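Listing of protein-v6.tsv; format and content: TSV, C-alpha atoms.
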```tsv
chain	number	residue	atom	x	y	z
A	1	MET	CA	81.55	99.21	88.90
A	2	SER	CA	80.82	96.29	86.63
A	3	GLU	CA	78.04	93.98	87.72
A	4	ALA	CA	78.26	90.40	86.52
A	5	ALA	CA	76.31	90.07	83.27
A	6	VAL	CA	73.00	88.52	84.30
A	7	THR	CA	70.81	86.93	81.66
A	8	GLU	CA	67.28	85.58	82.17
A	9	ASN	CA	68.89	82.18	82.87
A	10	GLY	CA	71.01	83.55	85.72
A	11	PRO	CA	74.64	84.67	85.57
A	12	ALA	CA	76.60	84.03	82.37
A	13	ARG	CA	78.22	80.59	82.18
A	14	GLY	CA	81.48	79.25	80.80
A	15	LEU	CA	84.59	81.34	80.38
A	16	GLU	CA	82.68	84.61	80.33
A	17	GLY	CA	80.91	83.64	83.53
A	18	MET	CA	84.18	82.77	85.23
A	19	VAL	CA	85.72	86.11	84.29
A	20	ASP	CA	82.60	87.90	85.54
A	21	ASP	CA	82.61	86.00	88.81
A	22	TRP	CA	86.21	86.82	89.54
A	23	SER	CA	86.23	90.38	88.29
A	24	ALA	CA	82.94	91.78	89.53
A	25	ASP	CA	83.18	94.24	92.40
A	26	LYS	CA	82.94	92.07	95.44
A	27	GLN	CA	84.89	92.98	98.50
A	28	ALA	CA	85.21	90.41	101.24
A	29	TYR	CA	87.85	92.05	103.39
A	30	HIS	CA	87.46	95.63	104.53
A	31	VAL	CA	91.15	96.08	105.16
A	32	PRO	CA	93.95	97.39	102.91
A	33	TRP	CA	94.76	94.79	100.26
A	34	GLY	CA	98.34	94.50	101.49
A	35	LYS	CA	97.10	93.45	104.90
A	36	ALA	CA	94.75	90.83	103.47
A	37	MET	CA	97.59	89.46	101.33
A	38	MET	CA	99.96	89.36	104.28
A	39	TRP	CA	97.39	87.40	106.25
A	40	LEU	CA	96.95	84.91	103.41
A	41	PHE	CA	100.72	84.50	103.27
A	42	LEU	CA	100.87	83.95	107.02
A	43	VAL	CA	98.11	81.34	106.85
A	44	SER	CA	100.07	79.47	104.16
A	45	ASP	CA	103.23	79.80	106.24
A	46	THR	CA	101.29	78.33	109.17
A	47	PHE	CA	100.69	75.26	107.04
A	48	ILE	CA	104.38	74.95	106.18
A	49	PHE	CA	105.51	75.21	109.80
A	50	THR	CA	102.77	72.84	110.94
A	51	CYS	CA	103.85	70.29	108.33
A	52	PHE	CA	107.38	70.52	109.74
A	53	LEU	CA	106.12	70.14	113.30
A	54	VAL	CA	103.89	67.21	112.35
A	55	GLY	CA	106.89	65.63	110.61
A	56	TYR	CA	108.77	66.09	113.88
A	57	LEU	CA	105.90	64.53	115.84
A	58	ASN	CA	105.81	61.51	113.54
A	59	VAL	CA	109.57	61.01	113.46
A	60	ARG	CA	109.85	61.32	117.23
A	61	MET	CA	107.00	58.87	117.79
A	62	THR	CA	108.14	56.25	115.29
A	63	THR	CA	111.82	56.10	116.17
A	64	THR	CA	112.59	53.46	118.74
A	65	ALA	CA	115.96	55.01	119.58
A	66	PRO	CA	115.73	57.18	122.71
A	67	TRP	CA	115.20	60.90	122.08
A	68	PRO	CA	118.09	63.04	123.38
A	69	ASN	CA	117.41	64.96	126.59
A	70	GLN	CA	116.98	68.57	125.41
A	71	SER	CA	117.23	70.03	128.89
A	72	GLU	CA	120.83	68.81	129.21
A	73	ILE	CA	121.90	69.31	125.60
A	74	PHE	CA	120.81	72.94	125.57
A	75	ALA	CA	122.22	73.70	129.01
A	76	LEU	CA	124.80	76.45	129.17
A	77	SER	CA	127.41	77.06	131.83
A	78	PHE	CA	128.51	80.51	132.98
A	79	GLY	CA	131.56	79.27	134.86
A	80	GLY	CA	129.59	77.13	137.31
A	81	ASP	CA	127.17	74.26	136.88
A	82	PRO	CA	125.31	74.21	133.55
A	83	ILE	CA	121.93	75.98	133.73
A	84	PRO	CA	119.33	74.09	131.68
A	85	LEU	CA	117.90	75.87	128.62
A	86	ILE	CA	119.13	79.27	129.77
A	87	LEU	CA	120.20	80.43	126.31
A	88	ILE	CA	116.82	79.45	124.85
A	89	ALA	CA	115.04	81.33	127.64
A	90	ILE	CA	117.06	84.46	126.86
A	91	MET	CA	116.32	84.06	123.13
A	92	THR	CA	112.62	83.81	123.98
A	93	PHE	CA	112.75	87.01	126.03
A	94	VAL	CA	114.65	88.81	123.27
A	95	LEU	CA	111.99	87.84	120.73
A	96	ILE	CA	109.12	88.87	123.02
A	97	THR	CA	110.82	92.20	123.65
A	98	SER	CA	111.10	92.73	119.89
A	99	SER	CA	107.39	91.92	119.52
A	100	GLY	CA	106.58	94.59	122.09
A	101	THR	CA	108.68	97.26	120.37
A	102	MET	CA	107.05	96.32	117.06
A	103	ALA	CA	103.55	96.71	118.50
A	104	MET	CA	104.53	100.18	119.71
A	105	ALA	CA	106.05	101.04	116.33
A	106	VAL	CA	102.70	100.23	114.69
A	107	ASN	CA	100.94	102.47	117.19
A	108	TYR	CA	103.30	105.42	116.70
A	109	GLY	CA	103.15	104.90	112.93
A	110	TYR	CA	99.42	105.58	112.92
A	111	ARG	CA	100.08	108.67	115.04
A	112	ARG	CA	102.48	109.74	112.27
A	113	ASP	CA	105.32	110.12	114.74
A	114	LYS	CA	108.06	109.27	112.25
A	115	ALA	CA	111.03	109.55	114.60
A	116	LYS	CA	109.58	107.24	117.26
A	117	THR	CA	108.34	104.78	114.62
A	118	PHE	CA	111.75	104.68	112.97
A	119	TRP	CA	113.63	104.02	116.20
A	120	LEU	CA	111.13	101.46	117.45
A	121	ILE	CA	111.40	99.50	114.19
A	122	CYS	CA	115.18	99.76	114.42
A	123	ALA	CA	115.01	98.41	117.98
A	124	THR	CA	112.84	95.53	116.75
A	125	ALA	CA	115.32	94.73	113.98
A	126	PHE	CA	118.18	94.95	116.48
A	127	PHE	CA	116.54	92.42	118.80
A	128	GLY	CA	115.83	90.21	115.79
A	129	ALA	CA	119.48	90.34	114.74
A	130	THR	CA	120.48	89.56	118.35
A	131	PHE	CA	118.21	86.54	118.26
A	132	VAL	CA	119.82	85.26	115.05
A	133	GLY	CA	123.27	85.85	116.55
A	134	MET	CA	122.36	83.78	119.59
A	135	GLN	CA	121.01	81.08	117.34
A	136	VAL	CA	124.31	80.98	115.45
A	137	PHE	CA	126.06	80.56	118.81
A	138	GLU	CA	123.64	77.80	119.78
A	139	TRP	CA	124.14	75.96	116.49
A	140	SER	CA	127.92	76.20	116.64
A	141	LYS	CA	127.85	74.82	120.19
A	142	LEU	CA	125.70	71.89	119.07
A	143	ILE	CA	127.80	71.20	115.99
A	144	PHE	CA	131.32	71.69	117.33
A	145	ASP	CA	131.02	70.87	121.04
A	146	GLU	CA	128.28	68.25	121.08
A	147	GLY	CA	128.89	66.67	117.68
A	148	ILE	CA	125.25	66.87	116.60
A	149	ARG	CA	124.82	66.41	112.85
A	150	PRO	CA	121.75	66.22	110.62
A	151	TRP	CA	122.50	62.51	110.12
A	152	GLY	CA	123.29	61.54	113.70
A	153	ASN	CA	124.49	62.46	117.16
A	154	PRO	CA	126.21	60.77	120.10
A	155	PHE	CA	123.17	60.91	122.41
A	156	GLY	CA	120.29	59.01	120.87
A	157	ALA	CA	117.89	59.14	117.94
A	158	ALA	CA	119.67	60.19	114.74
A	159	GLN	CA	116.63	62.16	113.58
A	160	PHE	CA	117.10	64.72	116.35
A	161	GLY	CA	119.69	66.72	114.40
A	162	SER	CA	117.94	66.75	111.04
A	163	ILE	CA	114.57	67.87	112.38
A	164	PHE	CA	116.09	70.35	114.83
A	165	PHE	CA	118.34	72.05	112.28
A	166	MET	CA	115.61	72.11	109.65
A	167	VAL	CA	112.89	73.69	111.80
A	168	THR	CA	115.01	76.13	113.80
A	169	GLY	CA	116.94	76.95	110.62
A	170	PHE	CA	113.73	77.70	108.74
A	171	HIS	CA	112.57	79.87	111.62
A	172	GLY	CA	115.94	81.63	111.75
A	173	LEU	CA	115.63	82.31	108.02
A	174	HIS	CA	112.25	83.93	108.71
A	175	VAL	CA	113.80	86.12	111.40
A	176	THR	CA	116.65	87.11	109.09
A	177	CYS	CA	114.25	88.03	106.29
A	178	GLY	CA	112.17	89.92	108.84
A	179	VAL	CA	115.17	92.00	109.95
A	180	ILE	CA	115.90	92.98	106.34
A	181	TYR	CA	112.22	93.73	105.68
A	182	LEU	CA	111.94	95.84	108.84
A	183	MET	CA	115.04	97.91	108.05
A	184	TRP	CA	113.65	98.58	104.59
A	185	VAL	CA	110.35	99.77	106.09
A	186	ALA	CA	112.18	101.77	108.77
A	187	PHE	CA	114.17	103.80	106.26
A	188	ARG	CA	111.09	104.46	104.18
A	189	VAL	CA	109.32	105.70	107.32
A	190	LYS	CA	112.24	107.98	108.04
A	191	ARG	CA	112.21	109.41	104.51
A	192	GLY	CA	108.48	110.13	104.81
A	193	TYR	CA	107.61	107.70	102.01
A	194	TYR	CA	104.37	106.71	103.76
A	195	ASP	CA	103.11	110.23	104.50
A	196	ASN	CA	100.74	110.05	101.54
A	197	LYS	CA	100.37	106.29	101.22
A	198	GLY	CA	99.43	105.81	104.87
A	199	TYR	CA	101.14	103.87	107.61
A	200	GLU	CA	99.34	100.52	107.19
A	201	ILE	CA	102.63	99.12	105.89
A	202	VAL	CA	104.07	99.32	109.42
A	203	GLU	CA	101.17	97.25	110.70
A	204	ILE	CA	101.61	94.76	107.85
A	205	ALA	CA	105.32	94.39	108.59
A	206	GLY	CA	104.32	94.05	112.24
A	207	LEU	CA	102.00	91.15	111.40
A	208	TYR	CA	104.91	89.30	109.83
A	209	TRP	CA	107.12	90.00	112.83
A	210	HIS	CA	104.53	88.86	115.38
A	211	PHE	CA	104.05	85.71	113.32
A	212	VAL	CA	107.76	84.93	113.63
A	213	ASP	CA	107.40	85.37	117.40
A	214	LEU	CA	104.32	83.15	117.33
A	215	VAL	CA	106.15	80.32	115.56
A	216	TRP	CA	108.89	80.54	118.18
A	217	VAL	CA	106.28	80.00	120.92
A	218	PHE	CA	105.51	76.61	119.39
A	219	ILE	CA	109.15	75.74	118.70
A	220	PHE	CA	110.05	76.66	122.28
A	221	ALA	CA	107.37	74.34	123.63
A	222	PHE	CA	107.82	71.36	121.32
A	223	PHE	CA	111.58	71.33	120.69
A	224	TYR	CA	112.96	72.49	123.99
A	225	LEU	CA	110.42	71.86	126.73
A	226	LEU	CA	108.60	68.67	125.72
B	1	MET	CA	89.96	104.59	101.79
B	2	ALA	CA	91.08	106.77	104.66
B	3	SER	CA	94.75	106.21	105.23
B	4	ASP	CA	94.40	106.05	109.00
B	5	ALA	CA	91.70	103.40	108.99
B	6	GLY	CA	94.10	100.88	110.53
B	7	GLN	CA	94.22	99.37	113.96
B	8	GLN	CA	94.87	101.91	116.65
B	9	HIS	CA	94.48	101.20	120.34
B	10	PRO	CA	95.72	102.70	123.61
B	11	LEU	CA	99.34	101.84	124.36
B	12	GLY	CA	98.34	100.53	127.79
B	13	ILE	CA	96.97	97.26	126.43
B	14	TYR	CA	100.25	96.53	124.63
B	15	TYR	CA	102.25	97.08	127.79
B	16	LYS	CA	99.95	94.77	129.74
B	17	ILE	CA	100.20	91.98	127.16
B	18	TRP	CA	103.94	92.50	126.90
B	19	VAL	CA	104.36	91.99	130.68
B	20	LEU	CA	102.00	89.02	130.56
B	21	LEU	CA	104.06	87.34	127.82
B	22	PHE	CA	107.18	87.75	129.93
B	23	VAL	CA	105.47	86.24	132.96
B	24	VAL	CA	104.07	83.27	131.02
B	25	SER	CA	107.41	82.64	129.28
B	26	THR	CA	109.16	82.65	132.63
B	27	ALA	CA	106.56	80.25	133.97
B	28	SER	CA	107.09	77.81	131.11
B	29	TYR	CA	110.86	78.06	131.58
B	30	LEU	CA	110.45	77.30	135.28
B	31	VAL	CA	108.61	74.10	134.35
B	32	ASP	CA	111.89	72.87	132.91
B	33	TYR	CA	114.07	74.48	135.57
B	34	PHE	CA	112.28	72.62	138.36
B	35	GLN	CA	112.15	69.47	136.22
B	36	VAL	CA	108.39	68.99	136.43
B	37	GLN	CA	107.81	65.71	134.57
B	38	GLY	CA	105.04	63.53	133.21
B	39	ALA	CA	101.47	64.61	132.52
B	40	MET	CA	101.89	67.77	134.61
B	41	ARG	CA	104.77	68.92	132.37
B	42	TRP	CA	102.70	68.44	129.21
B	43	THR	CA	99.69	70.17	130.72
B	44	LEU	CA	101.63	73.20	131.92
B	45	VAL	CA	103.80	73.61	128.81
B	46	LEU	CA	100.86	73.28	126.41
B	47	PHE	CA	98.69	75.59	128.55
B	48	PHE	CA	101.35	78.32	128.65
B	49	MET	CA	101.97	77.84	124.92
B	50	VAL	CA	98.31	78.31	124.05
B	51	VAL	CA	98.01	81.36	126.33
B	52	LYS	CA	101.04	83.02	124.73
B	53	ALA	CA	100.00	82.20	121.18
B	54	GLY	CA	96.47	83.36	121.88
B	55	PHE	CA	97.49	86.76	123.23
B	56	ILE	CA	100.00	87.36	120.43
B	57	VAL	CA	97.39	86.60	117.76
B	58	ALA	CA	94.49	88.37	119.51
B	59	ILE	CA	96.17	91.57	120.69
B	60	PHE	CA	99.52	92.07	118.95
B	61	MET	CA	98.15	90.91	115.60
B	62	HIS	CA	94.82	92.68	116.28
B	63	VAL	CA	92.66	89.70	115.34
B	64	VAL	CA	90.25	90.36	118.20
B	65	TRP	CA	89.37	93.72	116.58
B	66	GLU	CA	89.11	92.47	112.99
B	67	ARG	CA	85.89	91.81	111.11
B	68	MET	CA	84.60	88.27	111.23
B	69	ALA	CA	85.20	87.61	107.50
B	70	LEU	CA	88.93	88.08	108.03
B	71	VAL	CA	89.01	86.28	111.38
B	72	PHE	CA	87.51	83.13	109.88
B	73	THR	CA	89.88	83.28	106.91
B	74	ILE	CA	92.77	83.31	109.35
B	75	LEU	CA	91.60	80.85	111.99
B	76	GLY	CA	89.40	78.55	109.89
B	77	PRO	CA	91.84	76.74	107.57
B	78	PRO	CA	94.39	75.88	110.29
B	79	ILE	CA	91.68	73.87	112.08
B	80	VAL	CA	92.11	71.07	109.51
B	81	LEU	CA	95.68	70.81	110.74
B	82	LEU	CA	94.34	69.34	113.99
B	83	LEU	CA	93.06	66.45	111.89
B	84	LEU	CA	96.52	65.98	110.36
B	85	ILE	CA	98.13	66.02	113.81
B	86	GLY	CA	95.63	63.43	115.07
B	87	PHE	CA	96.11	61.09	112.09
B	88	MET	CA	99.90	61.27	112.21
B	89	ALA	CA	99.93	60.65	115.95
B	90	VAL	CA	97.83	57.50	115.51
B	91	GLU	CA	100.00	56.35	112.62
B	92	GLY	CA	103.20	57.13	114.52
B	93	ALA	CA	102.11	55.17	117.58
B	94	TYR	CA	101.27	52.18	115.37
B	95	THR	CA	104.63	52.30	113.55
B	96	GLU	CA	106.59	52.49	116.80
B	97	GLU	CA	104.67	49.63	118.34
B	98	SER	CA	105.25	47.42	115.28
B	99	ARG	CA	108.97	48.14	115.44
B	100	PHE	CA	109.05	46.97	119.05
B	101	VAL	CA	106.96	43.92	118.37
B	102	TYR	CA	108.22	42.75	114.97
B	103	ASN	CA	111.75	44.19	114.75
B	104	GLY	CA	112.71	43.51	118.33
B	105	HIS	CA	113.83	47.06	119.11
B	106	ASP	CA	114.70	47.81	122.72
B	107	ARG	CA	111.81	49.39	124.64
B	108	ASP	CA	114.01	50.50	127.52
B	109	ALA	CA	116.81	52.28	125.63
B	110	VAL	CA	117.97	55.41	127.45
B	111	ALA	CA	119.47	58.50	125.79
B	112	LEU	CA	122.98	59.62	126.71
B	113	THR	CA	123.65	63.13	128.01
B	114	PRO	CA	126.59	65.48	127.43
B	115	ALA	CA	127.78	64.64	130.96
B	116	ASP	CA	128.09	60.95	129.99
B	117	LEU	CA	130.28	61.80	127.01
B	118	HIS	CA	132.47	64.54	128.42
B	119	GLY	CA	133.04	62.75	131.73
B	120	GLY	CA	132.07	64.21	135.06
B	121	GLY	CA	128.53	64.95	136.14
B	122	HIS	CA	126.78	61.69	136.78
B	123	GLY	CA	129.82	59.69	137.81
B	124	GLU	CA	128.58	56.40	136.40
B	125	ASP	CA	130.02	54.41	133.53
B	126	ASP	CA	127.57	52.89	131.12
B	127	GLY	CA	128.92	50.75	128.34
B	128	HIS	CA	128.23	52.39	124.99
```

Output the file's structure as structure tokens, nothing else.
Amino acid sequence: MSEAAVTENGPARGLEGMVDDWSADKQAYHVPWGKAMMWLFLVSDTFIFTCFLVGYLNVRMTTTAPWPNQSEIFALSFGGDPIPLILIAIMTFVLITSSGTMAMAVNYGYRRDKAKTFWLICATAFFGATFVGMQVFEWSKLIFDEGIRPWGNPFGAAQFGSIFFMVTGFHGLHVTCGVIYLMWVAFRVKRGYYDNKGYEIVEIAGLYWHFVDLVWVFIFAFFYLL
Amino acid sequence: MASDAGQQHPLGIYYKIWVLLFVVSTASYLVDYFQVQGAMRWTLVLFFMVVKAGFIVAIFMHVVWERMALVFTILGPPIVLLLLIGFMAVEGAYTEESRFVYNGHDRDAVALTPADLHGGGHGEDDGH
């Protein structure tokens, strides 16, 4: 408990004052520090993704070449007529399902039910890995069947490929990192590593995972539907 | 600090939000499936997007139960992004218009579809 050194002229100035200001006991957030840090990271990540999406907005508005029709490009055929956007819809459901299992994992973590928490996190990671697998399939279809490249495509505006691969790729990277992170947390839960430390870490990992789902909500709307 | 001071709520609310997210996602998919176009498409897609994002942040990420200091740290800074979006939209519209007017780009260009390239589907030949 060190109070900032206060003289008759108010708090100390200069370097000493700066150190006092930053080191005095002031707590703004009444949550575990890991949770506050995760939130700050997610806010910064929000800025990165928004910059990408705003770049997409600007590129799509300024190009005078016609924008490719996403509904037809992302259609998938199961033997019959192509169904528009069906793969993307399934990917969306997979990610929402994983968000639900993660929310339950957080809940069971606080109840200290290690077995249920472990399996629910594993299920979340499994759905995440499924999502990435489907994305790999989607990309390979776009690259090999449709001839879409970051520098051009046969349908319309050349910028379509570069912005699409960059944003969905960056999101896929987040999902992949999330799967690794979740498995790491899952095995620590199983080993009882958090019995003394507390199970906030499951909630913190959950925040990251829900954020990945959140970003997908925006990608789904702006890249596939609009 | 007590180790169980975290966010704990009845499971029921998670199930409800989970089902709701499925319903809203299906609804936004149906917008495309039934090829709703124009202003209605934008309205519906953006509305469903905001609903989904809102429930994920509020319930799954527990923001609705957090203290206000943390809530404003999370939701405050991203508000400036609306300004960025607005500026870039204005700038983008201006750039596009100048390309039409001064560079003579075609206003009526139409994108090709996979059906045009792989044959079949539309049954019309447009010169590439």

Proximity check chain A to chain B, 6 Å, nearest pairs one decimal Å, all atoms listed in the file, as JSON lines:
```
{"residue": "A:Asn58", "atom": "CA", "partner": "B:Gly92", "partner_atom": "CA", "distance": 5.2}
{"residue": "A:Met61", "atom": "CA", "partner": "B:Gly92", "partner_atom": "CA", "distance": 5.3}
{"residue": "A:Thr62", "atom": "CA", "partner": "B:Glu96", "partner_atom": "CA", "distance": 4.3}
{"residue": "A:Pro66", "atom": "CA", "partner": "B:Ala111", "partner_atom": "CA", "distance": 5.0}
{"residue": "A:Pro68", "atom": "CA", "partner": "B:Ala111", "partner_atom": "CA", "distance": 5.3}
{"residue": "A:Gly100", "atom": "CA", "partner": "B:Trp18", "partner_atom": "CA", "distance": 5.9}
{"residue": "A:Phe155", "atom": "CA", "partner": "B:Leu112", "partner_atom": "CA", "distance": 4.5}
{"residue": "A:Gly156", "atom": "CA", "partner": "B:Ala111", "partner_atom": "CA", "distance": 5.0}
{"residue": "A:Gly198", "atom": "CA", "partner": "B:Ser3", "partner_atom": "CA", "distance": 4.7}
{"residue": "A:Leu207", "atom": "CA", "partner": "B:Met61", "partner_atom": "CA", "distance": 5.7}
{"residue": "A:Leu214", "atom": "CA", "partner": "B:Ala53", "partner_atom": "CA", "distance": 5.9}
```

Work out how far CA of Leu225 (chain A) is from CA of Val212 (chain A), in Å to one decimal.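 Separation of CA of Val212 (chain A) and CA of Leu225 (chain A): 18.7 Å.
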
Got a sec: who's within 10 Å of Ile163 (chain A), counting all atoms listed in the file, leaving out chain neighbours fewer than 6 positions off, as a list in words?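 Here the answer would be Phe52, Leu53, Gly55, Tyr56, Leu57, Val59, Arg60, Pro150, Trp151, Gly169 and Phe223 of chain A.
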
Taking into account all atoms listed in the file, which residue in the set A:Leu95, A:Ala12, A:Leu173, A:Val106 is nearest to Phe118 (chain A)?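 Of all the options, A:Val106 lies closest to Phe118 (chain A).
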
Just want the 12 Å neighbourhood of Val185 (chain A), counted on all atoms listed in the file, with same-chain residues fewer than 6 positions away dropped. Output as number ranges by chain. A: 102, 105-106, 109, 114, 117-122, 124-125, 178-179, 191-194, 199-206

May I ask for the distance between CA of Phe49 (chain A) and CA of Val167 (chain A), given in Å to one decimal place?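 For CA of Phe49 (chain A) relative to CA of Val167 (chain A), the distance reads 7.8 Å.
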
Separation of CA of Val43 (chain A) from CA of Gly128 (chain A), in Å and rounded to one decimal: 21.7 Å

Go ahead and fit an axis-aligned box to every listed atom of region 43-62 of chain B plus 5 Å each side, and pass me the centre and edge lengths in Å, one decimal, as lines of an AutoDock Vina configuration file.
```
center_x = 99.1
center_y = 81.4
center_z = 123.8
size_x = 19.3
size_y = 32.5
size_z = 26.3
```

I need the residue nearest Ile48 (chain A) from this list: A:Trp67, A:Phe74, A:Phe170, A:Tyr29. Use all atoms listed in the file for the distance. A:Phe170

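The residues that lie within 12 Å of the point (119.4, 83.7, 127.1), counting only C-alpha atoms, are Phe74, Ala75, Leu76, Ser77, Phe78, Ile83, Pro84, Leu85, Ile86, Leu87, Ile88, Ala89, Ile90, Met91, Thr92, Phe93, Val94, Leu95, Thr130, Phe131, Gly133, Met134, Gln135, Phe137 and Glu138 of chain A; Thr26 and Tyr29 of chain B.
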
A:His210, A:Leu226, A:Thr97, A:Asn153 ranked by distance to Ala58 (chain B), top pick (using all atoms listed in the file):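 With all atoms listed in the file as the atom set, the closest residue is A:His210.
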